[in-house]
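Source file target01.cif; content: mmCIF, C-alpha atoms.
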data_data
#
loop_
_atom_site.label_atom_id
_atom_site.label_comp_id
_atom_site.auth_asym_id
_atom_site.auth_seq_id
_atom_site.Cartn_x
_atom_site.Cartn_y
_atom_site.Cartn_z
CA MET E 1 0.00 0.00 0.00
CA SER E 2 1.47 3.35 -0.96
CA SER E 3 1.35 6.10 1.62
CA ALA E 4 -0.75 8.21 -0.72
CA ASP E 5 -3.55 5.61 -0.84
CA THR E 6 -6.51 5.86 1.46
CA HIS E 7 -8.83 2.94 2.12
CA ASP E 8 -11.95 2.04 3.96
CA ILE E 9 -11.94 0.05 7.17
CA ASP E 10 -13.03 -3.20 5.53
CA TYR E 11 -10.13 -3.11 3.09
CA LEU E 12 -7.64 -2.51 5.92
CA LEU E 13 -9.08 -5.37 8.00
CA ASP E 14 -9.11 -7.74 5.03
CA GLU E 15 -5.71 -6.93 3.61
CA VAL E 16 -3.47 -5.13 6.08
CA ILE E 17 -4.51 -5.43 9.73
CA THR E 18 -5.22 -8.47 11.87
CA LEU E 19 -7.03 -7.39 15.01
CA PRO E 20 -5.60 -9.00 18.15
CA SER E 21 -7.67 -11.71 19.80
CA LEU E 22 -9.04 -11.40 23.29
CA PRO E 23 -7.15 -13.85 25.52
CA THR E 24 -9.08 -17.13 25.82
CA THR E 25 -9.18 -16.76 29.61
CA VAL E 26 -11.09 -13.49 29.35
CA ALA E 27 -13.49 -14.85 26.72
CA ASN E 28 -14.17 -17.98 28.82
CA LEU E 29 -14.58 -15.93 31.96
CA THR E 30 -17.04 -13.55 30.32
CA GLU E 31 -19.15 -16.48 29.21
CA LEU E 32 -18.91 -18.10 32.62
CA VAL E 33 -19.96 -15.12 34.76
CA ASN E 34 -23.03 -14.65 32.57
CA ASP E 35 -24.06 -18.24 33.28
CA PRO E 36 -26.46 -18.49 36.27
CA ALA E 37 -24.84 -21.81 37.20
CA CYS E 38 -21.43 -20.14 37.58
CA SER E 39 -19.70 -20.98 40.87
CA LEU E 40 -16.79 -19.23 42.57
CA ALA E 41 -14.69 -22.38 42.21
CA MET E 42 -15.29 -22.50 38.47
CA VAL E 43 -14.21 -18.87 38.11
CA GLY E 44 -11.02 -19.55 40.06
CA LYS E 45 -10.28 -22.58 37.89
CA VAL E 46 -10.62 -20.62 34.61
CA ILE E 47 -8.38 -17.82 35.85
CA GLY E 48 -5.85 -20.38 37.03
CA THR E 49 -5.30 -21.44 33.42
CA ASP E 50 -3.50 -18.14 32.74
CA PRO E 51 -1.07 -17.51 35.61
CA ALA E 52 0.54 -14.43 34.01
CA LEU E 53 -2.82 -12.70 33.66
CA ALA E 54 -3.80 -13.80 37.17
CA ILE E 55 -0.63 -12.30 38.65
CA LYS E 56 -1.07 -9.04 36.75
CA SER E 57 -4.66 -8.83 37.98
CA LEU E 58 -3.56 -9.30 41.57
CA ARG E 59 -0.92 -6.56 41.23
CA LEU E 60 -3.59 -4.31 39.75
CA VAL E 61 -6.18 -4.90 42.45
CA ASN E 62 -3.56 -4.40 45.17
CA SER E 63 -2.43 -1.06 43.70
CA ALA E 64 -3.16 2.16 45.57
CA TYR E 65 -5.66 3.15 42.88
CA TYR E 66 -8.06 0.36 43.81
CA GLY E 67 -7.76 1.44 47.45
CA LEU E 68 -8.69 -1.89 49.05
CA ARG E 69 -8.05 -2.05 52.79
CA GLU E 70 -7.25 -5.75 52.64
CA LYS E 71 -4.39 -7.13 50.53
CA ILE E 72 -5.66 -9.71 48.04
CA THR E 73 -3.29 -12.67 48.12
CA SER E 74 -4.74 -15.10 45.58
CA VAL E 75 -7.21 -15.35 42.74
CA GLU E 76 -9.52 -17.42 44.96
CA HIS E 77 -9.34 -14.71 47.61
CA ALA E 78 -10.22 -12.07 44.97
CA VAL E 79 -13.18 -14.07 43.71
CA VAL E 80 -14.60 -14.57 47.21
CA LEU E 81 -14.01 -10.98 48.32
CA LEU E 82 -14.93 -9.08 45.15
CA GLY E 83 -17.29 -11.45 43.35
CA PRO E 84 -16.98 -13.07 39.92
CA LYS E 85 -18.08 -10.06 37.85
CA VAL E 86 -15.61 -7.66 39.46
CA VAL E 87 -12.83 -10.23 39.06
CA LYS E 88 -13.80 -10.75 35.42
CA ASN E 89 -13.44 -6.99 34.89
CA LEU E 90 -10.10 -7.08 36.63
CA ILE E 91 -8.80 -9.88 34.41
CA PHE E 92 -10.12 -8.03 31.37
CA THR E 93 -8.38 -4.84 32.50
CA ALA E 94 -5.12 -6.77 32.92
CA ALA E 95 -5.52 -8.15 29.38
CA VAL E 96 -6.10 -4.64 28.00
CA PHE E 97 -2.94 -3.48 29.82
CA ASP E 98 -1.07 -6.20 27.91
CA THR E 99 -2.40 -4.88 24.61
CA LEU E 100 -1.61 -1.27 25.51
CA SER E 101 1.94 -2.15 26.57
CA GLU E 102 2.68 -2.85 22.89
CA GLY E 103 2.39 0.88 22.12
CA GLU E 104 4.33 4.05 23.01
CA GLU E 105 4.69 4.71 26.74
CA SER E 106 3.19 8.18 26.32
CA LEU E 107 0.06 6.62 24.81
CA LEU E 108 -0.10 4.14 27.68
CA ARG E 109 0.04 7.02 30.19
CA HIS E 110 -2.65 8.84 28.24
CA SER E 111 -4.86 5.74 28.17
CA VAL E 112 -4.40 5.04 31.88
CA SER E 113 -5.15 8.65 32.78
CA CYS E 114 -8.24 8.53 30.56
CA GLY E 115 -9.36 5.41 32.44
CA VAL E 116 -8.88 7.23 35.74
CA VAL E 117 -10.83 10.27 34.49
CA MET E 118 -13.64 8.07 33.13
CA ARG E 119 -14.02 6.34 36.46
CA THR E 120 -13.98 9.71 38.23
CA LEU E 121 -16.65 11.06 35.87
CA VAL E 122 -18.89 8.05 36.42
CA ASP E 123 -18.21 7.62 40.16
CA SER E 124 -18.74 11.29 40.93
CA GLY E 125 -22.31 11.16 39.68
CA ALA E 126 -21.63 14.60 38.18
CA SER E 127 -23.42 13.58 35.00
CA LYS E 128 -27.09 13.06 35.66
CA MET E 129 -27.12 10.37 33.01
CA ARG E 130 -25.69 6.87 33.64
CA PHE E 131 -23.76 5.94 30.55
CA ALA E 132 -21.41 3.39 32.12
CA LYS E 133 -21.13 1.30 35.27
CA PRO E 134 -18.43 2.50 37.65
CA GLU E 135 -16.66 -0.88 37.58
CA GLU E 136 -16.43 -0.81 33.78
CA SER E 137 -15.61 2.84 33.28
CA PHE E 138 -11.85 2.53 33.95
CA VAL E 139 -11.31 -0.09 31.27
CA PHE E 140 -13.57 1.82 28.85
CA GLY E 141 -11.23 4.80 29.17
CA LEU E 142 -8.19 2.54 28.81
CA LEU E 143 -9.47 1.26 25.49
CA HIS E 144 -10.56 4.47 23.77
CA ASP E 145 -7.34 4.94 21.74
CA VAL E 146 -6.43 1.27 21.21
CA GLY E 147 -6.82 1.83 17.45
CA LYS E 148 -3.64 3.96 17.49
CA ILE E 149 -1.63 1.00 18.78
CA ILE E 150 -3.02 -1.28 16.08
CA PHE E 151 -2.13 1.26 13.38
CA GLN E 152 1.40 1.51 14.76
CA GLN E 153 1.80 -2.27 14.79
CA PHE E 154 0.49 -3.00 11.32
CA MET E 155 1.18 0.20 9.39
CA PRO E 156 4.28 1.69 11.03
CA ALA E 157 5.49 3.63 7.99
CA GLU E 158 2.07 5.06 7.14
CA TYR E 159 1.37 5.88 10.77
CA GLY E 160 4.76 7.57 11.01
CA GLN E 161 3.55 9.84 8.22
CA VAL E 162 0.35 10.50 10.19
CA ILE E 163 2.37 11.53 13.25
CA LEU E 164 4.68 13.74 11.20
CA THR E 165 1.79 15.43 9.41
CA ALA E 166 -0.06 16.07 12.68
CA GLU E 167 3.06 17.54 14.28
CA THR E 168 4.09 19.63 11.28
CA ARG E 169 0.64 21.11 10.72
CA GLY E 170 -0.37 21.31 14.38
CA ILE E 171 -3.53 19.26 13.83
CA PRO E 172 -4.93 16.40 15.96
CA ARG E 173 -3.72 12.96 14.91
CA VAL E 174 -7.28 11.86 14.24
CA HIS E 175 -7.56 14.44 11.43
CA ALA E 176 -4.25 13.33 9.91
CA GLU E 177 -5.37 9.68 10.11
CA ARG E 178 -8.52 10.43 8.12
CA GLU E 179 -6.58 12.43 5.57
CA ILE E 180 -3.72 9.98 5.05
CA LEU E 181 -5.20 6.57 5.86
CA GLY E 182 -8.88 7.21 5.15
CA VAL E 183 -9.75 5.58 8.49
CA ASP E 184 -9.22 6.86 12.02
CA HIS E 185 -8.21 5.14 15.26
CA ALA E 186 -11.73 5.50 16.67
CA GLU E 187 -13.24 3.44 13.86
CA LEU E 188 -10.52 0.82 14.17
CA GLY E 189 -10.82 0.62 17.96
CA ALA E 190 -14.57 0.13 17.62
CA ARG E 191 -13.97 -2.85 15.34
CA LEU E 192 -11.73 -4.37 18.00
CA ALA E 193 -14.47 -3.89 20.60
CA VAL E 194 -16.89 -5.73 18.32
CA LYS E 195 -14.42 -8.56 17.75
CA TRP E 196 -13.90 -8.87 21.52
CA LYS E 197 -17.70 -8.94 22.02
CA LEU E 198 -17.56 -5.95 24.34
CA PRO E 199 -20.80 -4.09 25.08
CA ASP E 200 -22.36 -2.51 22.01
CA GLU E 201 -22.37 0.94 23.52
CA LEU E 202 -18.62 0.71 24.14
CA ALA E 203 -17.94 -0.04 20.47
CA GLY E 204 -20.23 2.88 19.59
CA GLY E 205 -18.63 5.12 22.21
CA ILE E 206 -15.12 4.43 20.95
CA ASN E 207 -16.24 4.97 17.35
CA GLY E 208 -17.86 8.29 18.21
CA HIS E 209 -15.40 9.78 20.70
CA HIS E 210 -14.10 12.23 18.06
CA ASP E 211 -17.36 12.45 16.09
CA ILE E 212 -20.56 11.90 18.05
CA SER E 213 -22.65 12.01 14.86
CA ARG E 214 -21.37 8.48 14.10
CA CYS E 215 -23.38 7.13 17.05
CA PRO E 216 -26.74 5.57 16.18
CA ASN E 217 -28.49 6.03 19.54
CA GLU E 218 -28.46 7.82 22.88
CA ALA E 219 -26.52 5.13 24.79
CA HIS E 220 -23.71 5.20 22.24
CA LYS E 221 -23.76 9.00 22.14
CA GLY E 222 -23.61 9.22 25.92
CA LEU E 223 -20.54 7.03 26.19
CA ALA E 224 -18.89 8.77 23.22
CA ALA E 225 -19.51 12.14 24.91
CA LEU E 226 -18.01 10.94 28.21
CA LEU E 227 -14.94 9.51 26.44
CA CYS E 228 -14.54 12.75 24.49
CA ILE E 229 -14.68 14.81 27.70
CA ALA E 230 -12.30 12.43 29.53
CA ASP E 231 -9.87 12.61 26.60
CA ASN E 232 -10.02 16.40 26.69
CA ILE E 233 -9.35 16.52 30.45
CA CYS E 234 -6.28 14.33 29.88
CA HIS E 235 -4.96 16.74 27.25
CA ALA E 236 -5.66 19.80 29.41
CA SER E 237 -3.97 18.27 32.46
CA GLY E 238 -0.77 17.24 30.68
CA PHE E 239 -1.58 13.60 29.90
CA ALA E 240 -1.86 14.19 26.18
CA GLY E 241 0.35 11.33 25.11
CA ALA E 242 2.39 12.20 22.05
CA ASP E 243 -0.66 13.79 20.44
CA ASP E 244 -0.33 17.38 21.60
CA VAL E 245 -3.33 18.86 19.82
CA ALA E 246 -6.70 17.91 21.27
CA PRO E 247 -9.81 17.99 19.14
CA PRO E 248 -12.31 20.30 20.89
CA VAL E 249 -15.25 18.91 22.88
CA PRO E 250 -18.37 19.66 20.81
CA PRO E 251 -21.18 21.51 22.65
CA GLU E 252 -23.34 18.42 22.04
CA ALA E 253 -21.11 16.37 24.38
CA TRP E 254 -21.72 18.77 27.26
CA ALA E 255 -25.45 18.85 26.50
CA ILE E 256 -25.76 15.04 26.36
CA THR E 257 -23.94 14.50 29.64
CA GLY E 258 -25.51 17.48 31.43
CA LEU E 259 -22.08 18.41 32.79
CA ASP E 260 -21.50 22.09 33.54
CA GLY E 261 -18.53 24.08 34.79
CA ARG E 262 -19.28 23.57 38.48
CA ALA E 263 -19.66 19.81 38.02
CA MET E 264 -16.37 19.75 36.13
CA ILE E 265 -14.58 21.42 39.04
CA GLN E 266 -15.78 18.62 41.34
CA VAL E 267 -14.63 16.02 38.81
CA LEU E 268 -11.24 17.69 38.40
CA ASP E 269 -10.71 17.91 42.18
CA ARG E 270 -11.27 14.15 42.44
CA PHE E 271 -9.13 13.42 39.41
CA PHE E 272 -6.20 15.49 40.74
CA GLU E 273 -6.30 13.41 43.94
CA SER E 274 -5.88 10.25 41.81
CA VAL E 275 -2.99 11.54 39.69
CA LYS E 276 -0.47 10.07 42.12
CA ASP E 277 -1.76 6.57 41.26
CA ILE E 278 -1.24 6.89 37.50
CA ASP E 279 2.51 6.14 37.50
CA GLU E 280 1.94 2.98 39.55
CA LEU E 281 -0.75 1.80 37.13
CA VAL E 282 1.48 2.53 34.12
CA ALA E 283 4.26 0.49 35.69
CA LEU E 284 1.89 -2.50 35.97
CA ALA E 285 1.41 -2.72 32.19
CA MET S 1 -8.48 24.31 23.93
CA ILE S 2 -7.18 27.66 25.10
CA ALA S 3 -3.85 28.74 23.57
CA TRP S 4 -1.92 29.91 26.63
CA GLN S 5 0.90 32.47 26.66
CA LYS S 6 3.16 33.67 29.42
CA GLN S 7 3.00 37.41 30.11
CA GLY S 8 5.24 38.42 33.00
CA ASP S 9 4.11 36.46 36.05
CA ALA S 10 0.72 35.67 34.52
CA VAL S 11 -0.41 33.08 32.00
CA ILE S 12 -3.06 34.42 29.64
CA GLY S 13 -5.41 32.89 27.08
CA VAL S 14 -8.34 34.07 25.00
CA VAL S 15 -11.85 32.79 25.83
CA SER S 16 -15.30 33.67 24.61
CA LEU S 17 -18.15 34.29 27.03
CA SER S 18 -21.69 32.98 26.71
CA ASP S 19 -22.99 36.57 26.34
CA GLY S 20 -20.94 36.97 23.18
CA ARG S 21 -18.11 39.03 24.65
CA GLY S 22 -14.51 38.13 24.05
CA ALA S 23 -12.34 37.94 27.15
CA ASN S 24 -8.99 36.86 28.52
CA ALA S 25 -8.46 34.21 31.17
CA ALA S 26 -5.50 35.15 33.36
CA ILE S 27 -3.85 32.78 35.81
CA VAL S 28 -1.79 34.51 38.47
CA GLY S 29 -1.90 32.12 41.42
CA GLY S 30 -3.08 28.83 42.85
CA ARG S 31 -6.61 27.53 43.29
CA ALA S 32 -6.69 28.36 47.01
CA ASN S 33 -6.59 32.02 46.00
CA PRO S 34 -10.07 33.06 44.76
CA LYS S 35 -8.36 35.56 42.45
CA GLY S 36 -5.72 33.05 41.28
CA ALA S 37 -7.63 32.79 38.00
CA VAL S 38 -9.64 35.71 36.67
CA ILE S 39 -11.65 36.48 33.57
CA ILE S 40 -10.99 39.93 32.16
CA ALA S 41 -13.66 41.36 29.89
CA ALA S 42 -15.01 44.78 28.92
CA ALA S 43 -17.89 45.86 31.21
CA ALA S 44 -20.95 47.76 29.93
CA SER S 45 -19.05 51.01 30.53
CA GLY S 46 -16.29 49.76 28.26
CA ALA S 47 -13.79 49.62 31.09
CA PRO S 48 -12.12 46.26 31.68
CA GLU S 49 -13.48 44.26 34.62
CA ALA S 50 -11.80 41.27 36.23
CA LEU S 51 -14.06 38.53 37.57
CA PRO S 52 -12.66 35.71 39.72
CA LEU S 53 -13.21 32.35 38.02
CA GLY S 54 -15.76 31.35 40.67
CA GLU S 55 -17.93 34.35 39.77
CA ALA S 56 -17.57 33.89 36.02
CA MET S 57 -18.67 30.28 35.86
CA GLY S 58 -22.06 31.11 34.38
CA LEU S 59 -20.35 32.91 31.51
CA LEU S 60 -17.96 30.12 30.55
CA SER S 61 -18.50 26.86 28.71
CA PRO S 62 -17.48 23.78 30.75
CA GLY S 63 -14.61 23.25 28.28
CA PHE S 64 -13.07 26.62 29.17
CA VAL S 65 -13.49 25.84 32.88
CA VAL S 66 -11.61 22.55 32.39
CA ASP S 67 -8.81 24.30 30.49
CA ILE S 68 -8.43 27.06 33.07
CA VAL S 69 -8.55 24.83 36.17
CA CYS S 70 -6.16 22.27 34.66
CA MET S 71 -3.67 24.97 33.64
CA GLN S 72 -3.91 26.55 37.09
CA GLU S 73 -3.23 23.16 38.67
CA ARG S 74 -0.30 22.50 36.33
CA LEU S 75 1.23 25.89 37.12
CA HIS S 76 0.58 26.18 40.83
CA GLY S 77 -0.86 22.88 42.12
CA GLU S 78 0.76 20.24 44.28
CA HIS S 79 -0.70 17.10 42.71
CA GLY S 80 2.31 16.48 40.47
CA LEU S 81 0.80 17.39 37.09
CA GLU S 82 3.30 17.98 34.31
CA ARG S 83 4.39 21.63 34.11
CA PRO S 84 3.41 23.26 30.81
CA ASN S 85 6.11 24.32 28.38
CA LEU S 86 5.15 27.97 27.79
#

Let me see the file written as structure tokens.
Amino acid sequence: MSSADTHDIDYLLDEVITLPSLPTTVANLTELVNDPACSLAMVGKVIGTDPALAIKSLRLVNSAYYGLREKITSVEHAVVLLGPKVVKNLIFTAAVFDTLSEGEESLLRHSVSCGVVMRTLVDSGASKMRFAKPEESFVFGLLHDVGKIIFQQFMPAEYGQVILTAETRGIPRVHAEREILGVDHAELGARLAVKWKLPDELAGGINGHHDISRCPNEAHKGLAALLCIADNICHASGFAGADDVAPPVPPEAWAITGLDGRAMIQVLDRFFESVKDIDELVALA
Amino acid sequence: MIAWQKQGDAVIGVVSLSDGRGANAAIVGGRANPKGAVIIAAAASGAPEALPLGEAMGLLSPGFVVDIVCMQERLHGEHGLERPNL
């Protein structure tokens, strides 16, 4: 593919890019926790098949960010104390950390900070609308830019041109991606979410986080708006990653979420308190 | 996002207010100081008036509030945010 060619997403996925698979452990666990007959022992057994992921999950849940009073010493302990669904989310988060660790460290920091902001936005209740569950919001933020990592892995030369163009012209990377590749990281990340059978609204939210008009319904729009706002907070607070120019938050995003300036100050106060945990989380990846 | 510039001890950026006026946001101190961030706009008389951020909230979009508070925290806060390169 010449760097001057642009293509649609289906061409790239057929000919150029192979989306990574979700680790079998996570897929099995997701299926298991949705089964009413699921037992704690069965959950422990599935997690035990992937010791590396289990260890990473334990390091994650014992980090200062999770703020548990009791140290979790084993997967079985985590399952009993936190419940199967929380542990499934934890294992999934650890798997996403693995995927993100393939990219630039600055992008990892940006993604982690976006996860922290997302959780703060959802936990704070500042938005009157519930677009995500608190326990899922961190990993939703982590995943929003995963498309950038996939571009860098499969199209390093072309993506290098994207980065150079964005830097030279002072435009957001997402605009350079559309111009040079014909597809942006949001669209690609959404395809990964579909492949991993993540919630529909997450795929829609990732797809729309730089263009809410792509979202087909209110649930998708709500999550896209929250991701867009979280992304913007990361840029404003110095967690931009290597992409220094932030696309603006459209007025629609503020209207959908019902967030105003006073609510944002509350959110920012809580986020600033969590900043100290970001380095520890990045080191876990 | 606001394009910030250093002017002496202050950091200044252009904002637009919900009543249509153009204004400057000026950061001169930390968040504990109510006048650490002010919005400077022309009053009805034409003379410039400086409103502390807390009093100008109704005139600013949430995006401007985020930009101003984050920059204030980066410049004067103690939470370890990266210092801006201005």

- Message: What does the structure give for the distance between CA of Glu102 (chain E) and CA of Lys45 (chain E), in Å to one decimal?
- Response: 28.0 Å

- Message: Starting from the PyMOL selection byres ((chain E) within 10 of (chain S)), expand the selection into actual residues of this file and give them as a VMD selection string.
- Response: chain E and resid 229 232 to 239 245 to 251 254 259 to 265 267 to 269 271 to 276

- Resolved residues for the PyMOL selection byres ((chain E and resi 28-33) around 9) as a ChimeraX atom specification: /E:23-27,34-39,42-43,46-47,84-85,88-89,91-92

- Query: Do you know which residues are at most 8 Å from Ala50 (chain S) counting all atoms listed in the file, after dropping those on the same chain fewer than 6 positions away, and could you put them as an NGL selection string?
  - Reply: :S and (38-41)

I would like the residues chosen by the PyMOL selection byres ((chain S and resi 5) around 12) on the shown file; could you give them as a short mmCIF file (atom, residue, chain, number, x, y, z; two decimals) with C-alpha atoms, keeping the file's coordinate frame?
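Saved to selection27.cif:
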data_model
loop_
_atom_site.label_atom_id
_atom_site.label_comp_id
_atom_site.auth_asym_id
_atom_site.auth_seq_id
_atom_site.Cartn_x
_atom_site.Cartn_y
_atom_site.Cartn_z
CA ILE S 2 -7.18 27.66 25.10
CA ALA S 3 -3.85 28.74 23.57
CA TRP S 4 -1.92 29.91 26.63
CA LYS S 6 3.16 33.67 29.42
CA GLN S 7 3.00 37.41 30.11
CA GLY S 8 5.24 38.42 33.00
CA ASP S 9 4.11 36.46 36.05
CA ALA S 10 0.72 35.67 34.52
CA VAL S 11 -0.41 33.08 32.00
CA ILE S 12 -3.06 34.42 29.64
CA GLY S 13 -5.41 32.89 27.08
CA VAL S 14 -8.34 34.07 25.00
CA ASN S 24 -8.99 36.86 28.52
CA ALA S 25 -8.46 34.21 31.17
CA ALA S 26 -5.50 35.15 33.36
CA ILE S 27 -3.85 32.78 35.81
CA MET S 71 -3.67 24.97 33.64
CA PRO S 84 3.41 23.26 30.81
CA ASN S 85 6.11 24.32 28.38
CA LEU S 86 5.15 27.97 27.79
#

Nearby residues (all atoms listed in the file) at most 10 Å from Met129 (chain E), same-chain spacing under 4 positions excluded, as an mmCIF file with C-alpha atoms, keeping the file's coordinate frame:
data_model
loop_
_atom_site.group_PDB
_atom_site.id
_atom_site.type_symbol
_atom_site.label_atom_id
_atom_site.label_comp_id
_atom_site.auth_asym_id
_atom_site.auth_seq_id
_atom_site.Cartn_x
_atom_site.Cartn_y
_atom_site.Cartn_z
ATOM 1 C CA VAL E 122 -18.890 8.050 36.420
ATOM 2 C CA GLY E 125 -22.310 11.160 39.680
ATOM 3 C CA ALA E 219 -26.520 5.130 24.790
ATOM 4 C CA GLY E 222 -23.610 9.220 25.920
ATOM 5 C CA ILE E 256 -25.760 15.040 26.360
ATOM 6 C CA THR E 257 -23.940 14.500 29.640
ATOM 7 C CA GLY E 258 -25.510 17.480 31.430
ATOM 8 C CA LEU E 259 -22.080 18.410 32.790
#

- Query: Suppose you want the space between CA of Met155 (chain E) and CA of Asp243 (chain E); what is it in Å?
  - Reply: 17.6 Å

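Between CA of Leu75 (chain S) and CA of Val15 (chain S) lies a distance of 18.6 Å.
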
- Message: Please list, as a ChimeraX atom specification, the residues that have an atom at most 7 Å away from (5.4, 11.6, 25.3) in the coordinates of this file, counting only C-alpha atoms.
- Response: /E:106,241-242

- Message: Between S:Gly29, S:Ser16, S:Arg21, S:Pro34, which residue has the minimum interatomic distance to Leu51 (chain S), considering only C-alpha atoms?
- Response: S:Pro34
